[in-house]
Amino acid sequence: QSQLVESGGGSVQPGGSLRLSCLVPGLSSETYATGWFRQAPGEERQGVSYISADGTNIYSVDSVKGRFTLFRDITLNTVYLQMTSLKPEDTAKYYCAAVRTHFRSSYLPLNDEWASSDYWGRGTQVTVSS
């Protein structure tokens with residue numbers, strides 16, 4: 001399994017902010033959709049936000065809309081998740097993943113495609129607590 005590398009996790013108080021980064025080798029090829037996922041203890045992994053290979057199609061789960069922003073810098077092969085107004089329920093291990101699609105495709109992979117991808121990071125812990 002190809003490893004992506006996440007960083008930027010930590011512990012913050014409610015209302016705080018964090019920026020997660022994920023190094024995605026090959027992102028500059030503009031053929032990979034990338035996404036952020038999270039998993040809290042005892043819960044299933046949840047998709048948080050995804051971006052298509054061409055960068056035009058972005059999805060975010062309702063619970064983070066208006067608070068989390070996914071963006072990327074393909075020149076640095078890096079995808080970011082800017083998280084603001086953090087809540088205790090955002091506490092989880094956050095993972096990034098990539099799915100190979102087509103050059104500059106606007107396609108967002110389905111859940112099964114993310115799950116079966118060979119491109120996952122090992123995760124970074126985010127803890128929101130007072």
# chains A, B, ... in the order shown; residues from 1 in each chain; ligands from 1
>>> residues_around(residues="region 33-42 of chain A", least_positions_apart="2", cutoff="9 Å", atoms="only C-alpha atoms", output="PyMOL selection string")
chain A and resi 24+27+30-31+44-55+70+79-81+89-102+105-109+114+123
>>> residues_around(residues="Ser7 (chain A)", least_positions_apart="5", cutoff="8 Å", atoms="only C-alpha atoms", output="PDB file with all heavy atoms, in the first residue's frame")
ATOM      1  N   LEU A  20      -4.489  20.597   8.689  1.00  0.00           N
ATOM      2  CA  LEU A  20      -3.868  19.320   8.372  1.00  0.00           C
ATOM      3  C   LEU A  20      -3.266  19.381   6.969  1.00  0.00           C
ATOM      4  O   LEU A  20      -3.808  20.040   6.075  1.00  0.00           O
ATOM      5  CB  LEU A  20      -4.889  18.184   8.433  1.00  0.00           C
ATOM      6  CG  LEU A  20      -5.689  18.050   9.720  1.00  0.00           C
ATOM      7  CD1 LEU A  20      -6.607  16.828   9.627  1.00  0.00           C
ATOM      8  CD2 LEU A  20      -4.794  17.971  10.923  1.00  0.00           C
ATOM      9  N   SER A  21      -2.156  18.704   6.807  1.00  0.00           N
ATOM     10  CA  SER A  21      -1.506  18.609   5.499  1.00  0.00           C
ATOM     11  C   SER A  21      -1.320  17.150   5.128  1.00  0.00           C
ATOM     12  O   SER A  21      -1.151  16.294   6.013  1.00  0.00           O
ATOM     13  CB  SER A  21      -0.135  19.286   5.534  1.00  0.00           C
ATOM     14  OG  SER A  21      -0.228  20.642   5.894  1.00  0.00           O
ATOM     15  N   CYS A  22      -1.337  16.878   3.846  1.00  0.00           N
ATOM     16  CA  CYS A  22      -1.112  15.511   3.374  1.00  0.00           C
ATOM     17  C   CYS A  22      -0.261  15.566   2.116  1.00  0.00           C
ATOM     18  O   CYS A  22      -0.662  16.171   1.106  1.00  0.00           O
ATOM     19  CB  CYS A  22      -2.427  14.817   3.091  1.00  0.00           C
ATOM     20  SG  CYS A  22      -2.218  13.127   2.460  1.00  0.00           S
ATOM     21  N   THR A 124      -3.489  11.219  11.409  1.00  0.00           N
ATOM     22  CA  THR A 124      -2.988  12.174  12.400  1.00  0.00           C
ATOM     23  C   THR A 124      -4.131  12.465  13.365  1.00  0.00           C
ATOM     24  O   THR A 124      -5.274  12.648  12.954  1.00  0.00           O
ATOM     25  CB  THR A 124      -2.464  13.446  11.714  1.00  0.00           C
ATOM     26  OG1 THR A 124      -1.889  14.316  12.695  1.00  0.00           O
ATOM     27  CG2 THR A 124      -3.545  14.202  10.950  1.00  0.00           C
TER      28      THR A 124
END
>>> select_by_dssp(residues="region 18-118 of chain A", states="strand (DSSP E)", output="number ranges by chain")
A: 18-23, 32-39, 46-51, 58-60, 68-73, 78-83, 92-100
>>> atom_distance(atom1="CA of Ile74 (chain A)", atom2="CA of Thr56 (chain A)")
13.3 Å
>>> atom_distance(atom1="CA of Gly121 (chain A)", atom2="CA of Pro14 (chain A)")
25.8 Å
